[in-house]
Every structure is written in C-alpha cells, then in structure tokens.
$ cat query18.pdb   # PDB, C-alpha atoms
ATOM      1  CA  MET A   1       4.753  15.754 -19.175
ATOM      2  CA  ARG A   2       2.199  14.562 -16.656
ATOM      3  CA  SER A   3       0.994  17.517 -14.636
ATOM      4  CA  VAL A   4       0.088  17.536 -10.964
ATOM      5  CA  LEU A   5      -3.651  17.818 -10.283
ATOM      6  CA  HIS A   6      -3.496  18.167  -6.510
ATOM      7  CA  ILE A   7      -1.290  17.641  -3.465
ATOM      8  CA  TYR A   8      -3.070  16.345  -0.361
ATOM      9  CA  ARG A   9      -1.870  16.204   3.214
ATOM     10  CA  ALA A  10      -3.276  13.859   5.832
ATOM     11  CA  ASP A  11      -5.480  15.956   8.092
ATOM     12  CA  SER A  12      -6.015  13.333  10.785
ATOM     13  CA  GLN A  13      -4.512  10.272  12.402
ATOM     14  CA  HIS A  14      -5.969   7.393  14.350
ATOM     15  CA  TRP A  15      -4.998   4.144  15.982
ATOM     16  CA  VAL A  16      -5.675   0.842  14.244
ATOM     17  CA  GLY A  17      -5.818  -1.526  17.163
ATOM     18  CA  ASN A  18      -3.160  -0.460  19.647
ATOM     19  CA  GLY A  19      -0.141  -0.989  17.418
ATOM     20  CA  PHE A  20      -0.541   1.217  14.343
ATOM     21  CA  LEU A  21      -0.900   4.998  14.549
ATOM     22  CA  VAL A  22      -1.810   5.845  10.964
ATOM     23  CA  GLN A  23      -2.434   8.856   8.754
ATOM     24  CA  PRO A  24      -5.038   8.110   6.024
ATOM     25  CA  LEU A  25      -3.994   9.587   2.666
ATOM     26  CA  PHE A  26      -6.832   8.287   0.505
ATOM     27  CA  SER A  27      -9.842   6.020   0.907
ATOM     28  CA  HIS A  28     -12.657   4.556  -1.180
ATOM     29  CA  MET A  29     -14.957   5.659   1.655
ATOM     30  CA  GLY A  30     -14.067   9.328   1.220
ATOM     31  CA  GLU A  31     -13.157  11.878  -1.434
ATOM     32  CA  ASP A  32     -12.276  10.491  -4.863
ATOM     33  CA  ARG A  33      -8.552  11.107  -5.248
ATOM     34  CA  GLY A  34      -8.153   9.236  -8.526
ATOM     35  CA  SER A  35      -6.667   6.181  -6.838
ATOM     36  CA  ASP A  36      -8.448   3.366  -8.769
ATOM     37  CA  PRO A  37      -7.346   0.458  -8.709
ATOM     38  CA  PHE A  38      -6.082   1.271  -5.197
ATOM     39  CA  LEU A  39      -8.724   1.643  -2.503
ATOM     40  CA  MET A  40      -7.008   3.005   0.592
ATOM     41  CA  LEU A  41      -3.628   3.924   2.005
ATOM     42  CA  ASP A  42      -2.713   4.361   5.667
ATOM     43  CA  TYR A  43       0.776   5.565   6.531
ATOM     44  CA  ALA A  44       2.182   4.727   9.944
ATOM     45  CA  SER A  45       4.914   7.373  10.046
ATOM     46  CA  PRO A  46       8.030   6.724  12.156
ATOM     47  CA  LYS A  47       7.106   6.223  15.817
ATOM     48  CA  HIS A  48       9.146   4.831  18.687
ATOM     49  CA  PHE A  49       7.735   1.983  20.748
ATOM     50  CA  PRO A  50       9.248   0.991  24.115
ATOM     51  CA  ALA A  51      10.967  -2.320  24.822
ATOM     52  CA  ASP A  52       8.237  -3.600  27.129
ATOM     53  CA  GLY A  53       7.177  -6.878  25.494
ATOM     54  CA  ILE A  54       3.534  -5.755  25.255
ATOM     55  CA  GLU A  55       1.555  -7.367  22.426
ATOM     56  CA  ARG A  56       0.408  -4.516  20.186
ATOM     57  CA  GLY A  57      -1.573  -4.770  16.980
ATOM     58  CA  VAL A  58      -4.942  -5.869  15.631
ATOM     59  CA  GLY A  59      -6.695  -9.108  16.568
ATOM     60  CA  ALA A  60      -8.586 -11.438  14.243
ATOM     61  CA  HIS A  61     -10.774  -9.600  11.719
ATOM     62  CA  PRO A  62     -12.222 -10.392   8.260
ATOM     63  CA  HIS A  63     -11.698  -9.102   4.718
ATOM     64  CA  LYS A  64     -13.289  -9.907   1.380
ATOM     65  CA  GLY A  65     -13.142  -8.652  -2.205
ATOM     66  CA  PHE A  66      -9.699  -6.995  -2.324
ATOM     67  CA  GLU A  67      -6.027  -7.349  -1.336
ATOM     68  CA  THR A  68      -4.042  -5.879   1.538
ATOM     69  CA  VAL A  69      -0.410  -4.903   1.022
ATOM     70  CA  THR A  70       1.854  -4.119   3.968
ATOM     71  CA  LEU A  71       5.241  -2.502   3.326
ATOM     72  CA  ALA A  72       7.612  -2.582   6.295
ATOM     73  CA  TYR A  73      10.089   0.293   6.441
ATOM     74  CA  GLN A  74      11.069   0.017  10.117
ATOM     75  CA  GLY A  75      10.011  -2.529  12.735
ATOM     76  CA  GLU A  76       8.398  -5.935  12.347
ATOM     77  CA  VAL A  77       4.851  -7.318  12.053
ATOM     78  CA  ALA A  78       3.772 -10.915  12.642
ATOM     79  CA  HIS A  79       0.823 -12.074  10.515
ATOM     80  CA  ARG A  80      -1.468 -15.126  10.676
ATOM     81  CA  ASP A  81      -4.595 -15.900   8.661
ATOM     82  CA  SER A  82      -7.371 -18.444   8.221
ATOM     83  CA  ALA A  83      -5.944 -19.694   4.903
ATOM     84  CA  GLY A  84      -2.785 -20.873   6.648
ATOM     85  CA  GLY A  85      -0.630 -17.926   5.585
ATOM     86  CA  GLY A  86       1.646 -16.182   8.010
ATOM     87  CA  GLY A  87       5.101 -15.112   9.031
ATOM     88  CA  VAL A  88       7.082 -12.109  10.171
ATOM     89  CA  ILE A  89       7.281  -9.069   7.899
ATOM     90  CA  ARG A  90      10.711  -7.590   8.606
ATOM     91  CA  GLU A  91      12.265  -4.283   7.591
ATOM     92  CA  GLY A  92      12.254  -4.111   3.789
ATOM     93  CA  ASP A  93       9.785  -6.988   3.384
ATOM     94  CA  VAL A  94       6.323  -6.748   1.823
ATOM     95  CA  GLN A  95       3.214  -8.802   2.560
ATOM     96  CA  TRP A  96       0.663  -9.127  -0.257
ATOM     97  CA  MET A  97      -2.495 -10.853   0.970
ATOM     98  CA  THR A  98      -5.434 -11.644  -1.312
ATOM     99  CA  ALA A  99      -8.629 -11.721   0.732
ATOM    100  CA  GLY A 100     -10.608 -12.784  -2.338
ATOM    101  CA  SER A 101     -13.586 -14.913  -1.319
ATOM    102  CA  GLY A 102     -13.008 -14.202   2.364
ATOM    103  CA  ILE A 103     -10.276 -14.453   4.973
ATOM    104  CA  ILE A 104      -9.676 -13.732   8.646
ATOM    105  CA  HIS A 105      -6.270 -12.472   9.743
ATOM    106  CA  GLN A 106      -4.435 -10.788  12.581
ATOM    107  CA  GLU A 107      -1.404  -8.506  12.710
ATOM    108  CA  PHE A 108       0.767  -7.753  15.737
ATOM    109  CA  HIS A 109       4.216  -6.346  16.345
ATOM    110  CA  SER A 110       6.539  -9.343  16.294
ATOM    111  CA  GLN A 111       7.631 -10.749  19.648
ATOM    112  CA  ALA A 112      11.227  -9.777  18.874
ATOM    113  CA  PHE A 113      10.266  -6.173  18.103
ATOM    114  CA  ALA A 114       8.035  -5.923  21.197
ATOM    115  CA  ALA A 115      10.933  -7.150  23.327
ATOM    116  CA  LYS A 116      13.594  -4.791  21.934
ATOM    117  CA  GLY A 117      11.415  -1.803  20.970
ATOM    118  CA  GLY A 118      12.491   0.796  18.442
ATOM    119  CA  MET A 119      11.232   2.798  15.494
ATOM    120  CA  PHE A 120       8.188   1.533  13.640
ATOM    121  CA  GLU A 121       7.150   2.672  10.136
ATOM    122  CA  MET A 122       4.718   0.925   7.810
ATOM    123  CA  VAL A 123       2.370   1.508   4.885
ATOM    124  CA  GLN A 124      -0.823  -0.480   4.458
ATOM    125  CA  LEU A 125      -2.397  -0.344   1.032
ATOM    126  CA  TRP A 126      -5.704  -1.852  -0.088
ATOM    127  CA  VAL A 127      -5.819  -2.978  -3.730
ATOM    128  CA  ASN A 128      -9.189  -3.532  -5.389
ATOM    129  CA  LEU A 129     -10.085  -6.683  -7.307
ATOM    130  CA  PRO A 130     -12.287  -6.691 -10.428
ATOM    131  CA  ALA A 131     -15.682  -8.353  -9.995
ATOM    132  CA  LYS A 132     -14.500 -11.535 -11.722
ATOM    133  CA  TYR A 133     -11.748 -12.009  -9.118
ATOM    134  CA  LYS A 134     -13.566 -10.979  -5.943
ATOM    135  CA  SER A 135     -14.254 -14.640  -5.160
ATOM    136  CA  ALA A 136     -10.716 -15.813  -5.958
ATOM    137  CA  PRO A 137      -9.245 -18.198  -3.376
ATOM    138  CA  PRO A 138      -7.385 -16.386  -0.573
ATOM    139  CA  ARG A 139      -3.611 -16.425  -0.845
ATOM    140  CA  TYR A 140      -0.578 -14.998   0.916
ATOM    141  CA  GLN A 141       2.527 -13.681  -0.826
ATOM    142  CA  HIS A 142       5.492 -13.066   1.443
ATOM    143  CA  LEU A 143       7.953 -10.881  -0.479
ATOM    144  CA  PRO A 144      11.259 -10.825   1.422
ATOM    145  CA  LYS A 145      13.548  -7.860   0.912
ATOM    146  CA  GLU A 146      16.142  -9.897  -0.949
ATOM    147  CA  ASN A 147      13.590 -11.027  -3.566
ATOM    148  CA  ILE A 148      12.456  -7.512  -4.518
ATOM    149  CA  PRO A 149      14.446  -6.180  -7.507
ATOM    150  CA  VAL A 150      16.343  -2.912  -6.994
ATOM    151  CA  LEU A 151      17.517  -0.924 -10.028
ATOM    152  CA  ASN A 152      19.692   2.167 -10.130
ATOM    153  CA  LEU A 153      18.304   5.348 -11.665
ATOM    154  CA  PRO A 154      20.368   7.061 -14.386
ATOM    155  CA  ASN A 155      23.100   9.514 -13.357
ATOM    156  CA  ALA A 156      23.345   8.003  -9.852
ATOM    157  CA  ALA A 157      20.131   9.824  -8.904
ATOM    158  CA  GLY A 158      18.928   7.009  -6.662
ATOM    159  CA  SER A 159      17.143   3.684  -7.044
ATOM    160  CA  VAL A 160      13.790   2.012  -7.729
ATOM    161  CA  ARG A 161      12.638  -1.035  -5.770
ATOM    162  CA  VAL A 162      10.076  -2.872  -7.903
ATOM    163  CA  VAL A 163       7.513  -4.368  -5.534
ATOM    164  CA  ALA A 164       4.945  -4.868  -8.307
ATOM    165  CA  GLY A 165       4.684  -4.066 -11.983
ATOM    166  CA  GLU A 166       7.652  -3.333 -14.176
ATOM    167  CA  TYR A 167      10.548  -0.874 -14.388
ATOM    168  CA  GLU A 168      12.922  -0.919 -17.367
ATOM    169  CA  SER A 169      11.658  -4.386 -18.366
ATOM    170  CA  ILE A 170      12.355  -5.832 -14.903
ATOM    171  CA  ARG A 171       9.298  -7.427 -13.298
ATOM    172  CA  GLY A 172       8.424  -6.799  -9.682
ATOM    173  CA  ALA A 173       8.166  -9.439  -6.974
ATOM    174  CA  ALA A 174       4.371  -9.479  -6.552
ATOM    175  CA  ASP A 175       1.886 -11.368  -8.672
ATOM    176  CA  THR A 176      -1.083  -9.054  -9.329
ATOM    177  CA  PHE A 177      -4.545  -9.528 -10.834
ATOM    178  CA  THR A 178      -4.513  -6.278 -12.820
ATOM    179  CA  GLU A 179      -1.859  -4.082 -14.404
ATOM    180  CA  MET A 180      -0.187  -1.833 -11.825
ATOM    181  CA  ASN A 181       3.106  -0.544 -10.472
ATOM    182  CA  VAL A 182       4.155  -0.327  -6.839
ATOM    183  CA  TRP A 183       7.659   1.134  -6.611
ATOM    184  CA  ASP A 184       9.763   2.269  -3.682
ATOM    185  CA  ILE A 185      11.866   5.148  -4.984
ATOM    186  CA  THR A 186      14.932   6.562  -3.233
ATOM    187  CA  LEU A 187      16.337   9.847  -4.520
ATOM    188  CA  HIS A 188      19.732  10.881  -3.223
ATOM    189  CA  SER A 189      20.282  14.482  -2.143
ATOM    190  CA  GLY A 190      19.958  16.585  -5.299
ATOM    191  CA  GLY A 191      18.968  13.502  -7.302
ATOM    192  CA  ASP A 192      17.140  14.251 -10.564
ATOM    193  CA  ALA A 193      15.120  11.609 -12.416
ATOM    194  CA  PHE A 194      12.690  11.322 -15.316
ATOM    195  CA  LEU A 195      10.196   8.492 -14.925
ATOM    196  CA  ARG A 196       7.730   7.029 -17.402
ATOM    197  CA  ILE A 197       4.319   5.591 -16.525
ATOM    198  CA  PRO A 198       1.752   4.542 -19.171
ATOM    199  CA  GLN A 199      -0.837   7.234 -19.818
ATOM    200  CA  THR A 200      -3.512   4.580 -19.283
ATOM    201  CA  HIS A 201      -2.514   4.368 -15.592
ATOM    202  CA  ASN A 202      -3.795   6.517 -12.773
ATOM    203  CA  LEU A 203      -0.733   7.812 -10.929
ATOM    204  CA  LEU A 204      -0.124   8.751  -7.289
ATOM    205  CA  LEU A 205       3.025   9.476  -5.298
ATOM    206  CA  VAL A 206       3.322   9.267  -1.516
ATOM    207  CA  VAL A 207       6.287  11.203  -0.135
ATOM    208  CA  LEU A 208       7.524   9.362   2.942
ATOM    209  CA  ARG A 209      10.683  11.364   3.680
ATOM    210  CA  GLY A 210      12.331  14.508   2.388
ATOM    211  CA  THR A 211      11.069  17.131  -0.056
ATOM    212  CA  VAL A 212      10.540  16.504  -3.768
ATOM    213  CA  SER A 213      10.186  18.919  -6.663
ATOM    214  CA  ILE A 214       7.876  17.660  -9.422
ATOM    215  CA  ASN A 215       8.349  18.846 -13.015
ATOM    216  CA  GLY A 216      10.306  21.786 -11.617
ATOM    217  CA  ASN A 217       7.190  23.674 -10.515
ATOM    218  CA  GLU A 218       5.500  21.771  -7.646
ATOM    219  CA  GLN A 219       6.827  20.685  -4.267
ATOM    220  CA  ALA A 220       5.678  17.829  -2.043
ATOM    221  CA  GLN A 221       6.886  17.068   1.455
ATOM    222  CA  ALA A 222       6.915  14.047   3.740
ATOM    223  CA  GLY A 223       3.392  12.879   4.539
ATOM    224  CA  GLU A 224       1.838  14.259   1.339
ATOM    225  CA  LEU A 225       0.012  12.546  -1.525
ATOM    226  CA  VAL A 226       0.485  13.758  -5.101
ATOM    227  CA  ARG A 227      -2.249  13.106  -7.662
ATOM    228  CA  PHE A 228      -1.385  13.416 -11.354
ATOM    229  CA  ASP A 229      -3.444  14.141 -14.424
ATOM    230  CA  ASN A 230      -3.525  11.504 -17.192
ATOM    231  CA  ASN A 231      -2.149  13.929 -19.763
ATOM    232  CA  GLY A 232       1.212  12.341 -20.521
ATOM    233  CA  ASP A 233       3.504   9.469 -19.689
ATOM    234  CA  THR A 234       6.624  11.133 -18.232
ATOM    235  CA  PHE A 235       7.344  13.307 -15.215
ATOM    236  CA  ARG A 236      10.399  14.623 -13.427
ATOM    237  CA  LEU A 237      11.391  14.285  -9.770
ATOM    238  CA  ASN A 238      14.147  16.171  -7.998
ATOM    239  CA  ALA A 239      15.182  15.738  -4.367
ATOM    240  CA  SER A 240      16.188  18.736  -2.269
ATOM    241  CA  ASP A 241      19.327  18.782  -0.127
ATOM    242  CA  GLU A 242      18.304  15.592   1.706
ATOM    243  CA  GLU A 243      17.465  12.072   0.611
ATOM    244  CA  ALA A 244      13.845  11.519  -0.415
ATOM    245  CA  LYS A 245      11.789   8.331  -0.111
ATOM    246  CA  ILE A 246       8.727   8.035  -2.348
ATOM    247  CA  LEU A 247       6.119   5.320  -2.860
ATOM    248  CA  LEU A 248       4.817   5.318  -6.436
ATOM    249  CA  LEU A 249       1.420   3.780  -7.156
ATOM    250  CA  SER A 250       0.050   3.497 -10.674
ATOM    251  CA  GLY A 251      -2.460   1.246 -12.350
ATOM    252  CA  VAL A 252      -5.087   0.759 -15.004
ATOM    253  CA  PRO A 253      -8.392   1.753 -13.365
ATOM    254  CA  ILE A 254     -10.928  -1.036 -12.876
ATOM    255  CA  ASN A 255     -13.851   1.364 -13.391
ATOM    256  CA  GLU A 256     -16.430  -0.768 -11.611
ATOM    257  CA  PRO A 257     -18.943   0.286  -8.941
ATOM    258  CA  ILE A 258     -17.809  -0.039  -5.344
ATOM    259  CA  ALA A 259     -20.025  -1.128  -2.472
ATOM    260  CA  ALA A 260     -18.158  -1.147   0.826
ATOM    261  CA  TYR A 261     -18.870  -1.993   4.424
ATOM    262  CA  GLY A 262     -15.893  -1.852   6.766
ATOM    263  CA  PRO A 263     -13.518  -4.680   5.772
ATOM    264  CA  PHE A 264     -15.635  -5.816   2.798
ATOM    265  CA  VAL A 265     -15.410  -4.284  -0.696
ATOM    266  CA  MET A 266     -17.787  -5.624  -3.343
ATOM    267  CA  ASN A 267     -19.724  -4.202  -6.303
ATOM    268  CA  THR A 268     -23.292  -4.127  -4.960
ATOM    269  CA  GLN A 269     -25.089  -3.818  -1.620
ATOM    270  CA  VAL A 270     -26.670  -7.229  -2.261
ATOM    271  CA  GLU A 271     -23.149  -8.717  -2.368
ATOM    272  CA  ILE A 272     -22.265  -6.911   0.862
ATOM    273  CA  SER A 273     -25.303  -8.450   2.582
ATOM    274  CA  GLU A 274     -24.310 -11.891   1.299
ATOM    275  CA  THR A 275     -20.760 -11.348   2.528
ATOM    276  CA  ILE A 276     -21.929 -10.426   6.023
ATOM    277  CA  ARG A 277     -24.074 -13.566   6.145
ATOM    278  CA  ASP A 278     -21.165 -15.733   4.995
ATOM    279  CA  PHE A 279     -18.867 -14.248   7.618
ATOM    280  CA  ARG A 280     -21.384 -14.732  10.412
ATOM    281  CA  ALA A 281     -21.904 -18.317   9.274
ATOM    282  CA  GLY A 282     -18.179 -19.004   9.704
ATOM    283  CA  ARG A 283     -17.456 -19.468   5.988
ATOM    284  CA  PHE A 284     -14.251 -17.398   6.166
ATOM    285  CA  GLY A 285     -12.617 -20.081   8.298
ATOM    286  CA  HIS A 286     -10.689 -19.670  11.519
ATOM    287  CA  ILE A 287      -7.134 -18.901  12.517
ATOM    288  CA  GLY A 288      -5.541 -22.044  13.924
ATOM    289  CA  ALA A 289      -3.645 -22.277  17.182
ATOM    290  CA  ALA A 290      -0.132 -20.857  17.144
TER     291      ALA A 290
END

$ encode --input "query18.pdb" --output "structure tokens"
Amino acid sequence: MRSVLHIYRADSQHWVGNGFLVQPLFSHMGEDRGSDPFLMLDYASPKHFPADGIERGVGAHPHKGFETVTLAYQGEVAHRDSAGGGGVIREGDVQWMTAGSGIIHQEFHSQAFAAKGGMFEMVQLWVNLPAKYKSAPPRYQHLPKENIPVLNLPNAAGSVRVVAGEYESIRGAADTFTEMNVWDITLHSGGDAFLRIPQTHNLLLVVLRGTVSINGNEQAQAGELVRFDNNGDTFRLNASDEEAKILLLSGVPINEPIAAYGPFVMNTQVEISETIRDFRAGRFGHIGAA
C-alpha cells in the first residue's frame, strides 16, 4: 500500500485579479511537495459573488513553457488567448491550455455568471512541460463536461471522472505531453474504494469537500493536500458520513531543472532572459478584438 508522507493545509489565500480568491496548495516557487510533473495548484473554494454584472477576473497576461488547466466546479469563466483559443468554461468543463512557446490570455467571469451571480469554485493547475516541448506551438483544449468519461467505482462507492490519463483502460479527455492522471473522484457517504496508481508516478490528492480516511489510518479534510510515498501502487479511500470530492493528480516526474520567473517556467535563467525579451518584443502575439 502507498503510505501517506504528509498532509498539508493551505495557510494563506490571495486574490488573482479581482475574480479568483485562491488558496495555494503547492508551488514550484516554494517548498518541494513532490508534485513533479505538476508545478502549482490554486484552489478557489466556494465563494458567492453578487449579481451585479461587474467584470471580474484577470486581464491579458503571458505564459511560456508549461500548461494551465482550469477545472470548473461552480460558476463560469470566459477565456480568450493570442493563439485564437477561447470560449466559456461552464460547470463541469475543463480548459487545458498549452502555453508552449508563448501565449497571452485573459480570464474573466462569464457575462452570464456576472449578471446572475452565484457560487464560484475552480481549480487552476499548472502542468510542466519537458525541455523538448517547452517551445511547442500554443494550443487550447476545451473539454466539455459531456466529453469527459465518468466510470462507477466498485460496490457503488462513487465515481471517477477521467480528465486525463487512464482509469480501468478508459482514456481521459485531455491530450497530454507526458504520462499523468487527473481524476475527479466522488465518494458517496461511507464509500470505500481501492485505487491503483503506477509506482513510477508521484501521487497527490486534493480534498475539495468532505472528510476522507486514507488506508484506514490517516484523515484529510476539505482544503488539504495529501502527498504519498512511492512505496506501492494501491491505496484505500473511505468517505465519512458525507459525500467527498477529491482531485487526484499523478504523473511520471520530468526530473529536469526548473527556472521560473512569474508566468514563465523554463530550465535555465538564460532561457528566462530570452523569454522576457521575446515577450517584450511582442513575439507572443496579441489577443484580437472580441
């Protein structure tokens, strides 16, 4: 059985723009929490926004050298980028954007959501790219809810939504550059499940709702990150007397040096300097008129 190495709780929160109040759970700029190939995760826990029509979000900004993944649990986000990608990410949808060689994008609450207000809950995940793919052409994958496979767990314990990777030989919706799993797991009240992840993968769980027992001897609550050892390929999850929602992240580590500066993630400081020059020279393109 894979044992738990540590359970972390977000100890701060901050606004990203004026639309996303997030709790950072891990980051390539901070403590090493064994997240490779994932760089960063911000969780915007459920928050109510008024029906006032105000445009809230983050204006045009650049990225290079990695991918951003936005999972919408409640509310809606409208996205546009300099590669021509865009659309509205609705409840249950996922946006998988490859910044690659450089992109500029913006993210705001959708006009419909701003007009009606309501609960807003999102996860934004940064996924690293190996050096050989850091200059890949930018691309945008819109993964609508209905295109993401959902499989039932044994014994009616709950379900697994396969955003990326593979569960029980069923491939996820996202096309990825390296081997990884991104699963949305729902455990019904009292649900008990054994899951298998290759021992070659680093493994993290983010508990979004409820309380989960792990291997019968550890407990994690909503807003906590669970880091596992690489000492096995199976582990057990059990939900308490309420439904639990869990985001599972696993992947083969890239094991390459990281040089980072804000929205740029490369392998060396020389590459970071080149990236800054390219951005300032306008080589990331521009977002066209709406």

$ resolve_selection --input "query18.pdb" --expression "the PyMOL selection byres ((chain A and resi 154-162) around 6)" --output "list in words"
Pro149, Val150, Leu151, Asn152, Leu153, Val163, Ala164, Gly172, Trp183, Asp184, Ile185, Thr186, Leu187, His188, Gly191 and Asp192 of chain A

$ residues_near_point --input "query18.pdb" --point "(16.8, -3.9, 5.3)" --cutoff "9 Å" --atoms "all atoms listed in the file" --output "PDB file with C-alpha atoms, keeping the file's coordinate frame"
ATOM      1  CA  TYR A  73      10.089   0.293   6.441  1.00  0.00           C
ATOM      2  CA  GLN A  74      11.069   0.017  10.117  1.00  0.00           C
ATOM      3  CA  ARG A  90      10.711  -7.590   8.606  1.00  0.00           C
ATOM      4  CA  GLU A  91      12.265  -4.283   7.591  1.00  0.00           C
ATOM      5  CA  GLY A  92      12.254  -4.111   3.789  1.00  0.00           C
ATOM      6  CA  ASP A  93       9.785  -6.988   3.384  1.00  0.00           C
ATOM      7  CA  LYS A 145      13.548  -7.860   0.912  1.00  0.00           C
ATOM      8  CA  GLU A 146      16.142  -9.897  -0.949  1.00  0.00           C
TER       9      GLU A 146
END

$ resolve_selection --input "query18.pdb" --expression "the PyMOL selection byres ((chain A and resi 83) around 8)" --output "ChimeraX atom specification"
/A:81-82,84-85,103-104,138-139,285,287

$ closest_residue --input "query18.pdb" --among "A:Val4, A:Ile272, A:Ala60, A:Ala220" --to "Asn202 in chain A" --atoms "all atoms listed in the file"
A:Val4

$ closest_residue --input "query18.pdb" --among "A:Pro62, A:Pro130, A:Pro137, A:Pro257" --to "His105 in chain A" --atoms "all atoms listed in the file"
A:Pro62

$ resolve_selection --input "query18.pdb" --expression "the PyMOL selection byres ((chain A and resi 207) around 10)" --output "count of residues only"
21

$ closest_residue --input "query18.pdb" --among "A:Gln13, A:Gln124, A:Gln23, A:Asn267" --to "Glu67 in chain A" --atoms "only C-alpha atoms"
A:Gln124

$ residues_near_point --input "query18.pdb" --point "(5.3, -9.8, 18.8)" --cutoff "12 Å" --atoms "all atoms listed in the file" --output "VMD selection string"
chain A and resid 19 51 to 58 75 to 80 87 to 90 106 to 117

$ atom_distance --input "query18.pdb" --atom1 "CA of Lys47 in chain A" --atom2 "CA of Gly59 in chain A"
20.6 Å

$ axis_aligned_box --input "query18.pdb" --around "range 137-142 of chain A" --padding-each-side "8 Å" --output "AutoDock Vina command-line options"
--center_x -1.9 --center_y -15.6 --center_z -1.0 --size_x 30.7 --size_y 21.1 --size_z 20.8

$ atom_distance --input "query18.pdb" --atom1 "CA of Ala44 in chain A" --atom2 "CA of Leu249 in chain A"
17.1 Å

$ atom_distance --input "query18.pdb" --atom1 "CA of Asp278 in chain A" --atom2 "CA of Leu71 in chain A"
29.6 Å

$ closest_residue --input "query18.pdb" --among "A:Leu237, A:Leu25, A:Leu5, A:Ala10" --to "Phe38 in chain A" --atoms "only C-alpha atoms"
A:Leu25

$ build_atoms --input "query18.pdb" --residues "range 90-101 of chain A" --atoms "N, CA, C and O atoms" --output "PDB file, in the frame of the given file"
ATOM      1  N   ARG A  90       9.585  -8.327   8.039  1.00  0.00           N
ATOM      2  CA  ARG A  90      10.711  -7.590   8.606  1.00  0.00           C
ATOM      3  C   ARG A  90      11.024  -6.354   7.763  1.00  0.00           C
ATOM      4  O   ARG A  90      10.467  -6.169   6.676  1.00  0.00           O
ATOM      5  N   GLU A  91      11.908  -5.526   8.277  1.00  0.00           N
ATOM      6  CA  GLU A  91      12.265  -4.283   7.591  1.00  0.00           C
ATOM      7  C   GLU A  91      12.666  -4.570   6.148  1.00  0.00           C
ATOM      8  O   GLU A  91      13.540  -5.400   5.882  1.00  0.00           O
ATOM      9  N   GLY A  92      11.990  -3.912   5.209  1.00  0.00           N
ATOM     10  CA  GLY A  92      12.254  -4.111   3.789  1.00  0.00           C
ATOM     11  C   GLY A  92      11.379  -5.152   3.135  1.00  0.00           C
ATOM     12  O   GLY A  92      11.316  -5.239   1.906  1.00  0.00           O
ATOM     13  N   ASP A  93      10.681  -5.968   3.935  1.00  0.00           N
ATOM     14  CA  ASP A  93       9.785  -6.988   3.384  1.00  0.00           C
ATOM     15  C   ASP A  93       8.433  -6.377   3.015  1.00  0.00           C
ATOM     16  O   ASP A  93       8.058  -5.308   3.494  1.00  0.00           O
ATOM     17  N   VAL A  94       7.682  -7.132   2.206  1.00  0.00           N
ATOM     18  CA  VAL A  94       6.323  -6.748   1.823  1.00  0.00           C
ATOM     19  C   VAL A  94       5.426  -7.971   1.962  1.00  0.00           C
ATOM     20  O   VAL A  94       5.812  -9.081   1.589  1.00  0.00           O
ATOM     21  N   GLN A  95       4.237  -7.761   2.501  1.00  0.00           N
ATOM     22  CA  GLN A  95       3.214  -8.802   2.560  1.00  0.00           C
ATOM     23  C   GLN A  95       2.095  -8.428   1.594  1.00  0.00           C
ATOM     24  O   GLN A  95       1.572  -7.309   1.649  1.00  0.00           O
ATOM     25  N   TRP A  96       1.741  -9.371   0.707  1.00  0.00           N
ATOM     26  CA  TRP A  96       0.663  -9.127  -0.257  1.00  0.00           C
ATOM     27  C   TRP A  96      -0.384 -10.211  -0.046  1.00  0.00           C
ATOM     28  O   TRP A  96      -0.201 -11.355  -0.458  1.00  0.00           O
ATOM     29  N   MET A  97      -1.474  -9.870   0.615  1.00  0.00           N
ATOM     30  CA  MET A  97      -2.495 -10.853   0.970  1.00  0.00           C
ATOM     31  C   MET A  97      -3.756 -10.638   0.148  1.00  0.00           C
ATOM     32  O   MET A  97      -4.321  -9.543   0.149  1.00  0.00           O
ATOM     33  N   THR A  98      -4.182 -11.676  -0.561  1.00  0.00           N
ATOM     34  CA  THR A  98      -5.434 -11.644  -1.312  1.00  0.00           C
ATOM     35  C   THR A  98      -6.551 -12.165  -0.421  1.00  0.00           C
ATOM     36  O   THR A  98      -6.573 -13.356  -0.080  1.00  0.00           O
ATOM     37  N   ALA A  99      -7.477 -11.277  -0.054  1.00  0.00           N
ATOM     38  CA  ALA A  99      -8.629 -11.721   0.732  1.00  0.00           C
ATOM     39  C   ALA A  99      -9.591 -12.509  -0.140  1.00  0.00           C
ATOM     40  O   ALA A  99     -10.161 -13.514   0.289  1.00  0.00           O
ATOM     41  N   GLY A 100      -9.779 -12.048  -1.400  1.00  0.00           N
ATOM     42  CA  GLY A 100     -10.608 -12.784  -2.338  1.00  0.00           C
ATOM     43  C   GLY A 100     -11.970 -13.136  -1.769  1.00  0.00           C
ATOM     44  O   GLY A 100     -12.734 -12.277  -1.317  1.00  0.00           O
ATOM     45  N   SER A 101     -12.266 -14.430  -1.732  1.00  0.00           N
ATOM     46  CA  SER A 101     -13.586 -14.913  -1.319  1.00  0.00           C
ATOM     47  C   SER A 101     -13.828 -14.796   0.179  1.00  0.00           C
ATOM     48  O   SER A 101     -14.953 -15.052   0.628  1.00  0.00           O
TER      49      SER A 101
END
